[in-house]
$ cat protein.txt   # compact mmCIF, N, CA, C and O atoms
# COMPACT_ATOMS: atom_id res chain seq x y z
N MET O 1 11.94 33.89 -71.31
CA MET O 1 10.72 33.50 -70.69
C MET O 1 10.79 32.02 -70.32
O MET O 1 11.32 31.21 -71.06
N ASP O 2 10.24 31.69 -69.15
CA ASP O 2 10.27 30.31 -68.69
C ASP O 2 9.20 29.49 -69.42
O ASP O 2 8.12 29.97 -69.73
N THR O 3 9.54 28.26 -69.56
CA THR O 3 8.55 27.36 -70.14
C THR O 3 7.65 26.87 -69.02
O THR O 3 8.03 26.88 -67.85
N PRO O 4 6.42 26.45 -69.31
CA PRO O 4 5.51 25.96 -68.26
C PRO O 4 6.09 24.78 -67.52
O PRO O 4 5.89 24.62 -66.32
N LYS O 5 6.85 23.94 -68.21
CA LYS O 5 7.44 22.78 -67.53
C LYS O 5 8.49 23.22 -66.52
O LYS O 5 8.57 22.69 -65.42
N ALA O 6 9.30 24.19 -66.82
CA ALA O 6 10.36 24.67 -65.92
C ALA O 6 9.75 25.37 -64.71
O ALA O 6 10.22 25.21 -63.58
N SER O 7 8.71 26.15 -64.88
CA SER O 7 8.10 26.84 -63.73
C SER O 7 7.38 25.84 -62.83
O SER O 7 7.33 26.03 -61.62
N GLY O 8 6.83 24.76 -63.38
CA GLY O 8 6.19 23.73 -62.57
C GLY O 8 7.20 22.99 -61.71
O GLY O 8 6.94 22.68 -60.54
N ILE O 9 8.38 22.73 -62.23
CA ILE O 9 9.44 22.06 -61.46
C ILE O 9 9.91 22.96 -60.34
O ILE O 9 10.13 22.52 -59.21
N ALA O 10 10.07 24.26 -60.61
CA ALA O 10 10.50 25.21 -59.57
C ALA O 10 9.45 25.30 -58.46
O ALA O 10 9.79 25.36 -57.27
N TRP O 11 8.20 25.34 -58.88
CA TRP O 11 7.12 25.42 -57.89
C TRP O 11 7.08 24.16 -57.02
O TRP O 11 6.92 24.25 -55.81
N ARG O 12 7.28 22.99 -57.59
CA ARG O 12 7.28 21.74 -56.83
C ARG O 12 8.44 21.69 -55.85
O ARG O 12 8.29 21.24 -54.73
N SER O 13 9.63 22.14 -56.29
CA SER O 13 10.76 22.12 -55.36
C SER O 13 10.56 23.12 -54.23
O SER O 13 10.93 22.86 -53.09
N LEU O 14 9.94 24.26 -54.50
CA LEU O 14 9.65 25.23 -53.44
C LEU O 14 8.63 24.66 -52.46
O LEU O 14 8.79 24.80 -51.24
N VAL O 15 7.61 23.99 -52.94
CA VAL O 15 6.61 23.37 -52.08
C VAL O 15 7.23 22.24 -51.27
O VAL O 15 6.93 22.06 -50.09
N THR O 16 8.13 21.49 -51.84
CA THR O 16 8.81 20.41 -51.13
C THR O 16 9.66 20.95 -49.99
O THR O 16 9.65 20.42 -48.87
N VAL O 17 10.39 22.01 -50.24
CA VAL O 17 11.21 22.63 -49.19
C VAL O 17 10.32 23.20 -48.09
O VAL O 17 10.60 23.04 -46.90
N ALA O 18 9.23 23.87 -48.47
CA ALA O 18 8.32 24.42 -47.47
C ALA O 18 7.68 23.30 -46.64
O ALA O 18 7.52 23.42 -45.42
N GLY O 19 7.34 22.19 -47.28
CA GLY O 19 6.79 21.05 -46.55
C GLY O 19 7.79 20.44 -45.59
O GLY O 19 7.45 20.05 -44.47
N ALA O 20 9.05 20.36 -45.99
CA ALA O 20 10.09 19.84 -45.11
C ALA O 20 10.31 20.75 -43.90
O ALA O 20 10.49 20.27 -42.77
N VAL O 21 10.29 22.05 -44.14
CA VAL O 21 10.45 23.00 -43.02
C VAL O 21 9.26 22.90 -42.07
O VAL O 21 9.44 22.89 -40.84
N ALA O 22 8.05 22.83 -42.60
CA ALA O 22 6.86 22.71 -41.75
C ALA O 22 6.88 21.41 -40.95
O ALA O 22 6.53 21.38 -39.76
N THR O 23 7.33 20.33 -41.58
CA THR O 23 7.44 19.05 -40.87
C THR O 23 8.47 19.13 -39.75
O THR O 23 8.24 18.62 -38.65
N SER O 24 9.59 19.77 -40.02
CA SER O 24 10.63 19.92 -38.99
C SER O 24 10.12 20.73 -37.80
O SER O 24 10.38 20.40 -36.64
N ILE O 25 9.39 21.80 -38.09
CA ILE O 25 8.84 22.62 -37.01
C ILE O 25 7.82 21.82 -36.20
O ILE O 25 7.80 21.87 -34.96
N ALA O 26 6.97 21.05 -36.88
CA ALA O 26 5.97 20.25 -36.18
C ALA O 26 6.63 19.19 -35.30
O ALA O 26 6.19 18.94 -34.17
N VAL O 27 7.70 18.57 -35.78
CA VAL O 27 8.41 17.57 -34.98
C VAL O 27 9.05 18.23 -33.75
O VAL O 27 9.01 17.67 -32.64
N ALA O 28 9.63 19.42 -33.92
CA ALA O 28 10.25 20.11 -32.78
C ALA O 28 9.20 20.49 -31.74
O ALA O 28 9.42 20.32 -30.53
N VAL O 29 8.04 20.98 -32.17
CA VAL O 29 6.97 21.35 -31.22
C VAL O 29 6.46 20.11 -30.50
O VAL O 29 6.23 20.13 -29.28
N ALA O 30 6.31 19.01 -31.21
CA ALA O 30 5.85 17.78 -30.58
C ALA O 30 6.87 17.27 -29.55
O ALA O 30 6.49 16.79 -28.48
N ALA O 31 8.14 17.40 -29.84
CA ALA O 31 9.17 16.97 -28.89
C ALA O 31 9.14 17.83 -27.63
O ALA O 31 9.25 17.32 -26.51
N VAL O 32 8.98 19.13 -27.79
CA VAL O 32 8.90 20.03 -26.63
C VAL O 32 7.67 19.71 -25.79
O VAL O 32 7.74 19.63 -24.55
N LEU O 33 6.53 19.48 -26.44
CA LEU O 33 5.31 19.13 -25.69
C LEU O 33 5.46 17.80 -24.97
O LEU O 33 4.99 17.65 -23.83
N ALA O 34 6.12 16.84 -25.58
CA ALA O 34 6.33 15.55 -24.92
C ALA O 34 7.19 15.71 -23.68
O ALA O 34 6.91 15.10 -22.63
N VAL O 35 8.22 16.54 -23.75
CA VAL O 35 9.07 16.77 -22.58
C VAL O 35 8.30 17.49 -21.48
O VAL O 35 8.42 17.16 -20.29
N VAL O 36 7.48 18.47 -21.85
CA VAL O 36 6.69 19.20 -20.85
C VAL O 36 5.71 18.27 -20.15
O VAL O 36 5.59 18.28 -18.91
N PHE O 37 5.02 17.44 -20.90
CA PHE O 37 4.05 16.53 -20.28
C PHE O 37 4.73 15.46 -19.44
O PHE O 37 4.22 15.07 -18.39
N ALA O 38 5.90 15.00 -19.86
CA ALA O 38 6.65 14.03 -19.05
C ALA O 38 7.10 14.66 -17.74
O ALA O 38 7.01 14.04 -16.67
N ALA O 39 7.56 15.90 -17.80
CA ALA O 39 7.96 16.59 -16.57
C ALA O 39 6.76 16.82 -15.66
O ALA O 39 6.88 16.72 -14.43
N THR O 40 5.61 17.09 -16.24
CA THR O 40 4.39 17.26 -15.44
C THR O 40 4.04 15.97 -14.70
O THR O 40 3.70 16.00 -13.51
N LEU O 41 4.16 14.84 -15.38
CA LEU O 41 3.88 13.57 -14.72
C LEU O 41 4.87 13.28 -13.59
O LEU O 41 4.51 12.74 -12.55
N VAL O 42 6.13 13.66 -13.79
CA VAL O 42 7.12 13.46 -12.73
C VAL O 42 6.79 14.31 -11.51
O VAL O 42 6.85 13.85 -10.37
N VAL O 43 6.40 15.56 -11.74
CA VAL O 43 6.04 16.45 -10.63
C VAL O 43 4.80 15.92 -9.91
O VAL O 43 4.74 15.92 -8.66
N ILE O 44 3.81 15.43 -10.64
CA ILE O 44 2.62 14.86 -10.01
C ILE O 44 3.00 13.64 -9.18
O ILE O 44 2.47 13.43 -8.09
N GLY O 45 3.91 12.83 -9.67
CA GLY O 45 4.38 11.67 -8.91
C GLY O 45 5.06 12.07 -7.62
O GLY O 45 4.83 11.45 -6.57
N PHE O 46 5.90 13.10 -7.67
CA PHE O 46 6.56 13.58 -6.44
C PHE O 46 5.54 14.11 -5.45
O PHE O 46 5.64 13.87 -4.24
N MET O 47 4.55 14.84 -5.94
CA MET O 47 3.54 15.39 -5.04
C MET O 47 2.71 14.27 -4.42
O MET O 47 2.38 14.34 -3.22
N ALA O 48 2.38 13.24 -5.17
CA ALA O 48 1.62 12.12 -4.63
C ALA O 48 2.45 11.37 -3.59
O ALA O 48 1.92 10.96 -2.54
N THR O 49 3.74 11.21 -3.84
CA THR O 49 4.60 10.55 -2.87
C THR O 49 4.69 11.36 -1.58
O THR O 49 4.62 10.80 -0.47
N ALA O 50 4.83 12.67 -1.70
CA ALA O 50 4.88 13.52 -0.51
C ALA O 50 3.56 13.46 0.26
O ALA O 50 3.56 13.41 1.50
N LEU O 51 2.45 13.45 -0.45
CA LEU O 51 1.15 13.38 0.21
C LEU O 51 0.98 12.06 0.95
O LEU O 51 0.51 12.04 2.10
N LEU O 52 1.37 10.96 0.33
CA LEU O 52 1.28 9.67 1.01
C LEU O 52 2.21 9.60 2.22
O LEU O 52 1.86 9.02 3.24
N GLY O 53 3.39 10.19 2.09
CA GLY O 53 4.31 10.23 3.23
C GLY O 53 3.75 11.02 4.40
O GLY O 53 3.84 10.59 5.56
N LEU O 54 3.17 12.17 4.10
CA LEU O 54 2.56 12.97 5.18
C LEU O 54 1.37 12.25 5.81
O LEU O 54 1.17 12.32 7.03
N ALA O 55 0.59 11.56 5.00
CA ALA O 55 -0.53 10.79 5.55
C ALA O 55 -0.03 9.67 6.45
O ALA O 55 -0.62 9.40 7.50
N ALA O 56 1.06 9.03 6.06
CA ALA O 56 1.63 7.97 6.90
C ALA O 56 2.13 8.53 8.23
O ALA O 56 1.92 7.93 9.28
N PHE O 57 2.79 9.68 8.18
CA PHE O 57 3.24 10.31 9.42
C PHE O 57 2.07 10.71 10.31
O PHE O 57 2.11 10.57 11.53
N ALA O 58 0.99 11.22 9.70
CA ALA O 58 -0.18 11.62 10.48
C ALA O 58 -0.83 10.41 11.14
O ALA O 58 -1.23 10.48 12.32
N LEU O 59 -0.95 9.33 10.40
CA LEU O 59 -1.54 8.13 10.99
C LEU O 59 -0.66 7.55 12.09
O LEU O 59 -1.16 7.09 13.12
N ARG O 60 0.64 7.57 11.88
CA ARG O 60 1.55 7.07 12.90
C ARG O 60 1.47 7.92 14.16
O ARG O 60 1.45 7.41 15.27
N ALA O 61 1.40 9.23 13.99
CA ALA O 61 1.31 10.12 15.15
C ALA O 61 -0.01 9.94 15.87
O ALA O 61 -0.07 9.97 17.10
N ARG O 62 -1.08 9.74 15.12
CA ARG O 62 -2.38 9.58 15.74
C ARG O 62 -2.45 8.28 16.54
O ARG O 62 -2.95 8.25 17.65
N HIS O 63 -1.96 7.19 15.97
CA HIS O 63 -1.98 5.91 16.68
C HIS O 63 -0.98 5.89 17.83
O HIS O 63 -1.25 5.31 18.88
N GLY O 64 0.15 6.53 17.65
CA GLY O 64 1.14 6.57 18.72
C GLY O 64 0.67 7.37 19.92
O GLY O 64 0.96 7.04 21.06
N HIS O 65 -0.08 8.42 19.68
CA HIS O 65 -0.58 9.25 20.78
C HIS O 65 -1.65 8.52 21.58
O HIS O 65 -1.70 8.62 22.79
N ALA O 66 -2.49 7.76 20.93
CA ALA O 66 -3.57 7.06 21.63
C ALA O 66 -3.03 5.91 22.47
O ALA O 66 -3.65 5.52 23.45
N ALA O 67 -1.89 5.36 22.11
CA ALA O 67 -1.36 4.20 22.82
C ALA O 67 -0.58 4.59 24.08
O ALA O 67 -0.32 3.74 24.92
N THR O 68 -0.21 5.84 24.22
CA THR O 68 0.57 6.23 25.39
C THR O 68 -0.34 6.38 26.61
O THR O 68 -1.49 6.78 26.51
N THR O 69 0.19 6.05 27.76
CA THR O 69 -0.55 6.22 29.01
C THR O 69 -0.03 7.47 29.72
O THR O 69 1.16 7.78 29.64
N PRO O 70 -0.87 8.18 30.39
CA PRO O 70 -0.41 9.40 31.06
C PRO O 70 0.51 9.05 32.23
O PRO O 70 0.31 8.07 32.93
N SER O 71 1.53 9.87 32.42
CA SER O 71 2.47 9.63 33.51
C SER O 71 1.94 10.19 34.84
O SER O 71 2.43 9.82 35.90
N ASP O 72 0.98 11.07 34.79
CA ASP O 72 0.41 11.66 35.99
C ASP O 72 -0.77 10.82 36.45
O ASP O 72 -1.78 10.70 35.76
N PRO O 73 -0.71 10.19 37.63
CA PRO O 73 -1.82 9.34 38.08
C PRO O 73 -3.09 10.12 38.45
O PRO O 73 -4.16 9.54 38.59
N SER O 74 -2.99 11.43 38.59
CA SER O 74 -4.18 12.20 38.95
C SER O 74 -5.03 12.55 37.72
O SER O 74 -6.11 13.09 37.86
N LEU O 75 -4.54 12.24 36.53
CA LEU O 75 -5.32 12.51 35.32
C LEU O 75 -6.39 11.45 35.15
O LEU O 75 -6.20 10.29 35.47
N ILE O 76 -7.52 11.88 34.61
CA ILE O 76 -8.59 10.92 34.32
C ILE O 76 -8.76 10.84 32.80
O ILE O 76 -8.35 11.75 32.06
N GLU O 77 -9.37 9.76 32.34
CA GLU O 77 -9.58 9.57 30.92
C GLU O 77 -10.99 10.01 30.57
O GLU O 77 -11.95 9.69 31.27
N ALA O 78 -11.12 10.76 29.50
CA ALA O 78 -12.43 11.20 29.01
C ALA O 78 -12.48 10.96 27.51
O ALA O 78 -11.51 11.19 26.81
N ARG O 79 -13.63 10.49 27.05
CA ARG O 79 -13.81 10.23 25.62
C ARG O 79 -14.97 11.04 25.10
O ARG O 79 -16.01 11.15 25.75
N HIS O 80 -14.77 11.59 23.92
CA HIS O 80 -15.81 12.38 23.28
C HIS O 80 -16.79 11.44 22.60
O HIS O 80 -16.43 10.64 21.75
N MET O 81 -18.04 11.52 22.94
CA MET O 81 -19.06 10.62 22.41
C MET O 81 -19.85 11.26 21.27
O MET O 81 -20.73 10.63 20.70
N GLY O 82 -19.56 12.48 20.91
CA GLY O 82 -20.26 13.17 19.84
C GLY O 82 -21.05 14.34 20.38
O GLY O 82 -21.59 14.28 21.48
N GLY O 83 -21.12 15.39 19.60
CA GLY O 83 -21.84 16.58 20.05
C GLY O 83 -21.17 17.20 21.26
O GLY O 83 -19.98 17.45 21.26
N HIS O 84 -21.94 17.42 22.34
CA HIS O 84 -21.38 17.96 23.57
C HIS O 84 -21.24 16.89 24.64
O HIS O 84 -21.09 17.20 25.82
N SER O 85 -21.31 15.63 24.27
CA SER O 85 -21.28 14.53 25.23
C SER O 85 -19.87 13.99 25.42
O SER O 85 -19.18 13.68 24.45
N TRP O 86 -19.47 13.88 26.68
CA TRP O 86 -18.19 13.29 27.05
C TRP O 86 -18.44 12.26 28.14
O TRP O 86 -19.34 12.42 28.95
N VAL O 87 -17.64 11.20 28.14
CA VAL O 87 -17.72 10.19 29.19
C VAL O 87 -16.34 10.13 29.85
O VAL O 87 -15.33 9.97 29.17
N ALA O 88 -16.33 10.27 31.18
CA ALA O 88 -15.06 10.25 31.92
C ALA O 88 -14.93 8.94 32.68
O ALA O 88 -15.91 8.43 33.24
N TYR O 89 -13.72 8.39 32.70
CA TYR O 89 -13.44 7.15 33.41
C TYR O 89 -12.38 7.42 34.47
O TYR O 89 -11.46 8.19 34.27
N GLY O 90 -12.51 6.76 35.58
CA GLY O 90 -11.49 6.84 36.63
C GLY O 90 -11.62 8.02 37.56
O GLY O 90 -10.78 8.20 38.43
N TRP O 91 -12.64 8.81 37.43
CA TRP O 91 -12.76 9.98 38.31
C TRP O 91 -13.17 9.58 39.71
O TRP O 91 -12.84 10.26 40.68
N ASN O 92 -13.87 8.46 39.88
CA ASN O 92 -14.31 8.07 41.23
C ASN O 92 -13.20 7.34 41.99
O ASN O 92 -13.33 7.13 43.18
N GLU O 93 -12.10 6.97 41.34
CA GLU O 93 -10.98 6.35 42.05
C GLU O 93 -9.97 7.36 42.56
O GLU O 93 -8.98 6.99 43.16
N ARG O 94 -10.21 8.64 42.31
CA ARG O 94 -9.27 9.67 42.75
C ARG O 94 -9.32 9.82 44.27
O ARG O 94 -10.34 9.65 44.89
N ARG O 95 -8.24 10.14 44.84
CA ARG O 95 -8.17 10.30 46.31
C ARG O 95 -8.44 11.69 46.73
O ARG O 95 -8.19 12.68 46.27
$ encode --input "protein.txt" --output "structure tokens"
Amino acid sequence: MDTPKASGIAWRSLVTVAGAVATSIAVAVAAVLAVVFAATLVVIGFMATALLGLAAFALRARHGHAATTPSDPSLIEARHMGGHSWVAYGWNERR
């Protein structure tokens, strides 16, 4: 039969081993979560960069289109004033 002192030592060593295993599992889960969240931030950064690049291309295309002059002299310029209102320029100089 075991003495109370011997069974207490066995119980403490079993609890110590179980605590070490639980700590190791918690550290592994935390490391995996850290990698997942870091990868998420990298993907968000790439998406933000792509969005800013597309916005830059859109603004460049919009400004580039407005600065060009038509090559056909028979075309007139019209500007949208809001709603159904348009104002045309150069129509009375047509031949």
$ residues_around --input "protein.txt" --residues "Val87 (chain O)" --least-positions-apart "6" --cutoff "6 Å" --atoms "only N, CA, C and O atoms" --output "PyMOL selection string"
chain O and resi 77-81
$ atom_distance --input "protein.txt" --atom1 "CA of Ala55 (chain O)" --atom2 "CA of Val42 (chain O)"
20.0 Å
$ atom_distance --input "protein.txt" --atom1 "atom O of Ile76 (chain O)" --atom2 "atom O of Tyr89 (chain O)"
5.2 Å
